[in-house]
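Here is the structure we will look at.
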Amino acid sequence: MGQVASPEVGIGMVGYGMMGKAHSYAYTVAPVMRSLPHRPRLRVISGRDEGKVSQAADAYGFEGWTADWRELIRRSDVDIVDICTPPGTHAEIASAAAAAGKAVICEKPLAVTYGEAASALDAVRKAGVLNAVGFNYRRLPAVSLMKRMVDEGAVGKVRLLRATWLSDEFVDPAIPFDWRFDRSMGGTTIADLGSHLIDMATWLAGGIAEVCGQSETFVRQRSNRAVTVDEASSALVRFESGARGVFEMARTAVRRPCDFTIEINGESGTLAFEYARLNELLYGDNADQPQLYGMRRIRAEHETHPYSRNWWPIGQGVGYGASFVNHLGDLLDRWPDGPWEPDFAQGAAVQAVCEAIERAATERRWVELREVTHRTGGAQAEHS
Ligand SMILES: NC(=O)c1ccc[n+]([C@@H]2O[C@H](COP(=O)([O-])OP(=O)(O)OC[C@H]3O[C@@H](n4cnc5c(N)ncnc54)[C@H](O)[C@@H]3O)[C@@H](O)[C@H]2O)c1
């Protein structure tokens, strides 16, 4: 009998909720679907509740568990610390992991404030460790194809970008208070849903220079506690390139499960993505014959398309889980030299846009991004 002996990379995961499950799934599936130079080994998972974290360790395939994330960070067999806890805990855990010399993967949003995000960025830069933020939707094959087509000039210079993220998560006023309603722990709807949109928008169309916004909280008390986050927000944006954009993010949209859309209108074409049809991309080309007026529905599964070779034959499609497999697979593929992207610099740049939208909504005015980034000390974020 032959023996399989791929080199391994030790994973320590902080948090066992929905994202703990999604990342564990990705570490398990990635080596099955693609060839990786290092096999992820699920060493240890941490959580505050011993009963629940031990159950999660068993279900997700971890060798061990601990109720203390600091213990996880100290372990010599952990190479990558993967943070899947609420945003209010991210900067502290990420900075401690970096100081211990670990590579860090952190779920989005990177932090609750731009200042916190910048301090986490400082910490990973000082330590010189690889770092990444969980903007997994870039790695949906159709969204990756959209990026490639924009870069190859399929729509010409980008003029307009429109993005929405709607869910009905907060519609019912009886939903009890938890971290998602607490600004200091969960962050805003702008940061929760909007951070994905802002990441994809800046990846596709470049940095944002200026924003204007509005926010509302319709149910202001839950479980007799004050809700401190917005439930719905929208923003107008001006990109550094001169392109214009509109974002809407809401957790109060009835019968919207978790839908996002992105549309780009360039000088010579349009590209549109809708999450409910995640294996497809709509493309309208101004050079098409007039009698073909309209949009083509591209099946983003052809062998020439991003990630298709790692998945099933054309026509079978992929789902939500594939974005995590593609994301963490790409990071593992580049272990240990990197580069990893999107990284903490991009995470902090996104956080700055979130904060600018929030400020614009509160102060009822346009806010330039440099008002947020230049007032805070520490590392400057840039888009990547
Ligand atoms: N990329 C995506 O598609 C996506 C989707 C959902 C959530 N997220 C992000 O992932 C992170 C976790 O979200 P989730 O949906 O897994 O949440 P969850 O509530 O399902 O799980 C949170 C985990 O963190 C632990 N935890 C809760 N409060 C804590 C605290 N104060 N200190 C330490 N640990 C704490 C919980 O015990 C649990 O293990 C958030 O930053 C969220 O924005 C990303």
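Residue numbering restarts at 1 in every chain; chains get A, B, ... in the order shown in the structure tokens, and ligands count up from 1 in that same order.
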
Subject >> Contacts with ligand 1 at most 9 Å, only C-alpha atoms and all ligand atoms counted, listed as number ranges by chain >> reply: A: 14-22, 46-49, 52-53, 69, 83-90, 106-111, 133-137, 178-180, 185-187, 191-193, 196, 320, 323-324

If you keep C-alpha atoms, can you produce a file of those selected residues as a CSV table (one decimal), in the first residue's frame?
```csv
chain,number,residue,atom,x,y,z
A,14,VAL,CA,-12.0,30.8,16.1
A,15,GLY,CA,-15.9,30.5,16.2
A,16,TYR,CA,-18.1,27.6,15.2
A,17,GLY,CA,-21.3,29.4,13.9
A,18,MET,CA,-22.4,29.6,10.3
A,19,MET,CA,-19.1,30.8,9.0
A,20,GLY,CA,-17.2,28.3,11.1
A,21,LYS,CA,-19.2,25.6,9.3
A,22,ALA,CA,-18.7,27.3,5.9
A,46,SER,CA,-12.4,27.5,19.8
A,47,GLY,CA,-15.6,28.8,21.2
A,48,ARG,CA,-16.9,30.1,24.5
A,49,ASP,CA,-19.4,27.3,25.1
A,52,LYS,CA,-21.2,23.4,21.7
A,53,VAL,CA,-17.6,23.8,20.6
A,69,TRP,CA,-8.9,31.4,21.6
A,83,ILE,CA,-11.5,34.1,12.5
A,84,CYS,CA,-15.2,33.3,12.2
A,85,THR,CA,-16.6,35.3,15.2
A,86,PRO,CA,-18.7,38.6,15.2
A,87,PRO,CA,-16.9,41.7,13.8
A,88,GLY,CA,-16.5,43.3,17.3
A,89,THR,CA,-14.0,40.6,18.2
A,90,HIS,CA,-12.0,40.5,14.9
A,106,CYS,CA,-10.6,37.0,9.0
A,107,GLU,CA,-14.3,37.0,8.1
A,108,LYS,CA,-15.8,40.3,6.9
A,109,PRO,CA,-16.2,43.0,7.9
A,110,LEU,CA,-12.6,43.3,9.1
A,111,ALA,CA,-13.7,45.4,12.2
A,133,VAL,CA,-10.5,39.0,4.6
A,134,GLY,CA,-13.5,36.7,3.9
A,135,PHE,CA,-14.9,38.5,0.8
A,136,ASN,CA,-15.8,35.1,-0.7
A,137,TYR,CA,-18.3,36.4,-3.3
A,178,ASP,CA,-28.3,39.4,19.5
A,179,TRP,CA,-24.9,40.6,18.3
A,180,ARG,CA,-26.3,41.6,14.9
A,185,MET,CA,-20.2,43.9,18.3
A,186,GLY,CA,-21.9,43.3,15.0
A,187,GLY,CA,-21.5,46.5,13.1
A,191,ALA,CA,-20.8,46.8,7.1
A,192,ASP,CA,-22.6,43.5,7.2
A,193,LEU,CA,-24.1,43.3,3.7
A,196,HIS,CA,-19.4,42.6,0.3
A,320,TYR,CA,-22.8,29.3,-2.2
A,323,SER,CA,-17.3,30.5,-3.2
A,324,PHE,CA,-15.7,29.4,0.1
```

Original post:
Skipping near chain neighbours, those fewer than 6 positions away, what residues fall within 9 Å of Phe177 in chain A using only C-alpha atoms, listed as a list in words?
Top reply: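 Neighbouring residues, sequence-local ones excluded: Gln221, Arg222, Ser223, Asn224, Arg225, Ala226 and Val227 of chain A.
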
Residues as selected, N, CA and C atoms, written as a PDB file, in the first residue's frame, can you do that?
```
ATOM      1  N   GLN A 221     -36.345  48.685  19.145  1.00  0.00           N
ATOM      2  CA  GLN A 221     -36.146  47.942  20.410  1.00  0.00           C
ATOM      3  C   GLN A 221     -36.371  46.461  20.156  1.00  0.00           C
ATOM      4  N   ARG A 222     -35.502  45.625  20.667  1.00  0.00           N
ATOM      5  CA  ARG A 222     -35.715  44.172  20.637  1.00  0.00           C
ATOM      6  C   ARG A 222     -35.318  43.618  21.996  1.00  0.00           C
ATOM      7  N   SER A 223     -36.118  42.720  22.521  1.00  0.00           N
ATOM      8  CA  SER A 223     -35.872  42.143  23.851  1.00  0.00           C
ATOM      9  C   SER A 223     -35.603  43.260  24.862  1.00  0.00           C
ATOM     10  N   ASN A 224     -36.352  44.356  24.763  1.00  0.00           N
ATOM     11  CA  ASN A 224     -36.198  45.525  25.649  1.00  0.00           C
ATOM     12  C   ASN A 224     -34.816  46.149  25.595  1.00  0.00           C
ATOM     13  N   ARG A 225     -34.104  45.940  24.497  1.00  0.00           N
ATOM     14  CA  ARG A 225     -32.795  46.599  24.346  1.00  0.00           C
ATOM     15  C   ARG A 225     -32.835  47.463  23.106  1.00  0.00           C
ATOM     16  N   ALA A 226     -32.081  48.555  23.136  1.00  0.00           N
ATOM     17  CA  ALA A 226     -32.058  49.463  21.984  1.00  0.00           C
ATOM     18  C   ALA A 226     -31.247  48.840  20.848  1.00  0.00           C
ATOM     19  N   VAL A 227     -31.817  48.844  19.652  1.00  0.00           N
ATOM     20  CA  VAL A 227     -31.095  48.385  18.462  1.00  0.00           C
ATOM     21  C   VAL A 227     -30.170  49.532  18.039  1.00  0.00           C
TER      22      VAL A 227
END
```

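The neighbours of range 360-372 of chain A here are the residues that come within 10 Å of it, using only C-alpha atoms and leaving out any residue fewer than 3 positions away in the same chain; they are Tyr114, Gly115, Gly207, Ile208, Ala209, Glu210, Val211, Cys212, Gly213, Gln214, Ser215, Glu216, Ser233, Ser234, Ala235, Leu236, Val237, Arg238, Ala349, Gln351, Ala352, Val353, Cys354, Glu355, Ala356, Ile357, Arg375 and Thr376 of chain A.
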
Convert the current residue selection to file output with C-alpha atoms, as a compact mmCIF listing (two decimals), in the first residue's frame.
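Below is the file that was written, out-v5.txt:
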```txt
# COMPACT_ATOMS: atom_id res chain seq x y z
CA TYR A 114 -12.07 52.08 10.36
CA GLY A 115 -9.74 52.83 13.31
CA GLY A 207 -11.39 53.11 -5.38
CA ILE A 208 -14.25 55.28 -4.11
CA ALA A 209 -13.61 59.00 -3.62
CA GLU A 210 -16.84 60.30 -2.13
CA VAL A 211 -20.18 59.06 -0.79
CA CYS A 212 -23.58 60.28 0.28
CA GLY A 213 -26.02 58.10 2.24
CA GLN A 214 -29.18 57.52 4.20
CA SER A 215 -30.06 54.97 6.88
CA GLU A 216 -33.10 53.87 8.85
CA SER A 233 -29.20 52.02 4.11
CA SER A 234 -28.45 53.32 0.66
CA ALA A 235 -25.62 55.32 -0.82
CA LEU A 236 -24.62 57.29 -3.86
CA VAL A 237 -20.92 57.04 -4.67
CA ARG A 238 -18.34 58.69 -6.88
CA ALA A 349 -10.36 50.30 2.62
CA GLN A 351 -14.31 49.70 6.23
CA ALA A 352 -13.46 53.31 5.39
CA VAL A 353 -16.24 53.38 2.78
CA CYS A 354 -18.69 51.87 5.30
CA GLU A 355 -17.76 54.53 7.81
CA ALA A 356 -18.02 57.32 5.24
CA ILE A 357 -21.55 56.18 4.27
CA ARG A 375 -7.99 61.48 10.50
CA THR A 376 -6.97 58.10 11.84
```

Subject >> Per-residue DSSP, range 30-219 of chain A, filtered to alpha helix (DSSP H), as an MDAnalysis selection string >> reply: chainID A and resid 30:33 50:60 69:74 87:99 114:127 141:151 189:192 194:205

Original post:
Nearest to Thr202 in chain A among A:Met149, A:Ile298, A:Val129, A:Ile264, with distances taken over only C-alpha atoms: which residue is it?
Top reply: A:Ile264

Original post:
For the atom pair CA of Gly347 in chain A and CA of Arg183 in chain A, what is the interatomic distance in Å to one decimal place?
Top reply: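 Rounded to one decimal, the two atoms are 18.0 Å apart.
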
**OP:** Just give me the gap between CA of Ala96 in chain A and CA of Asp230 in chain A in Å, one decimal is fine.
**Re:**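 The value is 29.9 Å.
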
**OP:** Name all residues at most 12 Å from Asp337 in chain A (count only C-alpha atoms; drop same-chain ones fewer than 2 positions away) and give them as a ChimeraX atom specification.
**Re:** /A:37,103,128-131,331-335,339-340

Original post:
Among range 32-219 of chain A, which residues carry a DSSP assignment of strand (DSSP E or B), reported as a PyMOL selection string?
Top reply: chain A and resi 39-46+64-66+80-83+103-106+131-133+158-166+208-216

Export of the given selection (N, CA and C atoms) as a compact mmCIF listing (two decimals), in the first residue's frame:
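Produced file out.txt, reproduced below:
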```
# COMPACT_ATOMS: atom_id res chain seq x y z
N ARG A 39 -2.01 20.27 2.27
CA ARG A 39 -3.34 19.80 2.70
C ARG A 39 -3.68 20.48 4.03
N PRO A 40 -4.86 21.14 4.10
CA PRO A 40 -5.21 21.77 5.38
C PRO A 40 -5.52 20.71 6.44
N ARG A 41 -4.98 20.88 7.62
CA ARG A 41 -5.26 19.94 8.71
C ARG A 41 -6.01 20.70 9.80
N LEU A 42 -7.21 20.28 10.08
CA LEU A 42 -8.07 20.99 11.03
C LEU A 42 -7.64 20.64 12.45
N ARG A 43 -6.74 21.45 12.98
CA ARG A 43 -6.11 21.13 14.27
C ARG A 43 -7.02 21.41 15.45
N VAL A 44 -7.55 22.66 15.51
CA VAL A 44 -8.28 23.03 16.73
C VAL A 44 -9.29 24.14 16.42
N ILE A 45 -10.44 24.06 17.11
CA ILE A 45 -11.48 25.10 16.96
C ILE A 45 -11.79 25.63 18.35
N SER A 46 -12.07 26.95 18.45
CA SER A 46 -12.38 27.51 19.76
C SER A 46 -13.75 28.16 19.77
N GLY A 64 -9.24 18.80 17.77
CA GLY A 64 -9.41 19.20 19.15
C GLY A 64 -10.17 20.51 19.26
N TRP A 65 -10.48 20.91 20.48
CA TRP A 65 -11.19 22.16 20.70
C TRP A 65 -10.67 22.80 21.98
N THR A 66 -10.96 24.10 22.11
CA THR A 66 -10.61 24.82 23.33
C THR A 66 -11.64 25.93 23.54
N ILE A 80 -2.29 28.80 10.47
CA ILE A 80 -3.25 29.83 10.03
C ILE A 80 -4.36 29.93 11.08
N VAL A 81 -4.61 31.16 11.54
CA VAL A 81 -5.75 31.40 12.44
C VAL A 81 -6.89 31.95 11.59
N ASP A 82 -8.01 31.26 11.62
CA ASP A 82 -9.17 31.61 10.78
C ASP A 82 -10.27 32.12 11.71
N ILE A 83 -10.60 33.41 11.58
CA ILE A 83 -11.50 34.07 12.54
C ILE A 83 -12.92 34.13 12.01
N ALA A 103 -0.38 33.34 10.23
CA ALA A 103 -1.14 33.92 9.13
C ALA A 103 -2.58 34.05 9.61
N VAL A 104 -3.30 35.07 9.09
CA VAL A 104 -4.64 35.33 9.58
C VAL A 104 -5.64 35.43 8.43
N ILE A 105 -6.71 34.66 8.55
CA ILE A 105 -7.86 34.81 7.65
C ILE A 105 -8.99 35.31 8.55
N CYS A 106 -9.59 36.43 8.18
CA CYS A 106 -10.62 37.02 9.04
C CYS A 106 -11.91 37.21 8.24
N ASN A 131 -2.24 37.68 5.28
CA ASN A 131 -3.55 38.06 5.83
C ASN A 131 -4.58 38.16 4.73
N ALA A 132 -5.81 37.79 5.08
CA ALA A 132 -6.89 37.80 4.09
C ALA A 132 -8.22 38.08 4.79
N VAL A 133 -9.13 38.69 4.05
CA VAL A 133 -10.48 38.97 4.57
C VAL A 133 -11.49 38.15 3.78
N VAL A 158 -15.79 51.96 -17.38
CA VAL A 158 -16.98 51.83 -16.52
C VAL A 158 -17.55 53.22 -16.23
N ARG A 159 -18.86 53.37 -16.48
CA ARG A 159 -19.52 54.64 -16.17
C ARG A 159 -20.39 54.55 -14.92
N LEU A 160 -21.14 53.45 -14.83
CA LEU A 160 -22.10 53.30 -13.73
C LEU A 160 -21.97 51.92 -13.10
N LEU A 161 -22.11 51.86 -11.78
CA LEU A 161 -22.14 50.56 -11.08
C LEU A 161 -23.29 50.62 -10.08
N ARG A 162 -24.12 49.60 -10.12
CA ARG A 162 -25.33 49.57 -9.29
C ARG A 162 -25.32 48.25 -8.53
N ALA A 163 -25.47 48.30 -7.22
CA ALA A 163 -25.39 47.05 -6.45
C ALA A 163 -26.42 47.07 -5.32
N THR A 164 -27.09 45.95 -5.12
CA THR A 164 -28.07 45.87 -4.03
C THR A 164 -27.83 44.57 -3.25
N TRP A 165 -28.15 44.63 -1.98
CA TRP A 165 -28.13 43.41 -1.16
C TRP A 165 -29.33 43.48 -0.23
N LEU A 166 -30.28 42.60 -0.46
CA LEU A 166 -31.53 42.66 0.28
C LEU A 166 -31.80 41.34 0.99
N ILE A 208 -13.13 54.33 -4.24
CA ILE A 208 -14.25 55.28 -4.11
C ILE A 208 -13.72 56.57 -3.50
N ALA A 209 -14.11 57.70 -4.07
CA ALA A 209 -13.61 59.00 -3.62
C ALA A 209 -14.56 59.68 -2.65
N GLU A 210 -15.86 59.47 -2.86
CA GLU A 210 -16.84 60.30 -2.13
C GLU A 210 -18.18 59.57 -2.05
N VAL A 211 -18.89 59.74 -0.94
CA VAL A 211 -20.18 59.06 -0.79
C VAL A 211 -21.22 59.98 -0.15
N CYS A 212 -22.47 59.61 -0.37
CA CYS A 212 -23.58 60.28 0.28
C CYS A 212 -24.52 59.15 0.71
N GLY A 213 -25.23 59.26 1.83
CA GLY A 213 -26.02 58.10 2.24
C GLY A 213 -27.22 58.43 3.10
N GLN A 214 -28.06 57.43 3.26
CA GLN A 214 -29.18 57.52 4.20
C GLN A 214 -29.38 56.16 4.86
N SER A 215 -29.86 56.20 6.11
CA SER A 215 -30.06 54.97 6.88
C SER A 215 -31.35 55.04 7.66
N GLU A 216 -31.92 53.88 7.97
CA GLU A 216 -33.10 53.87 8.85
C GLU A 216 -33.11 52.58 9.68
```
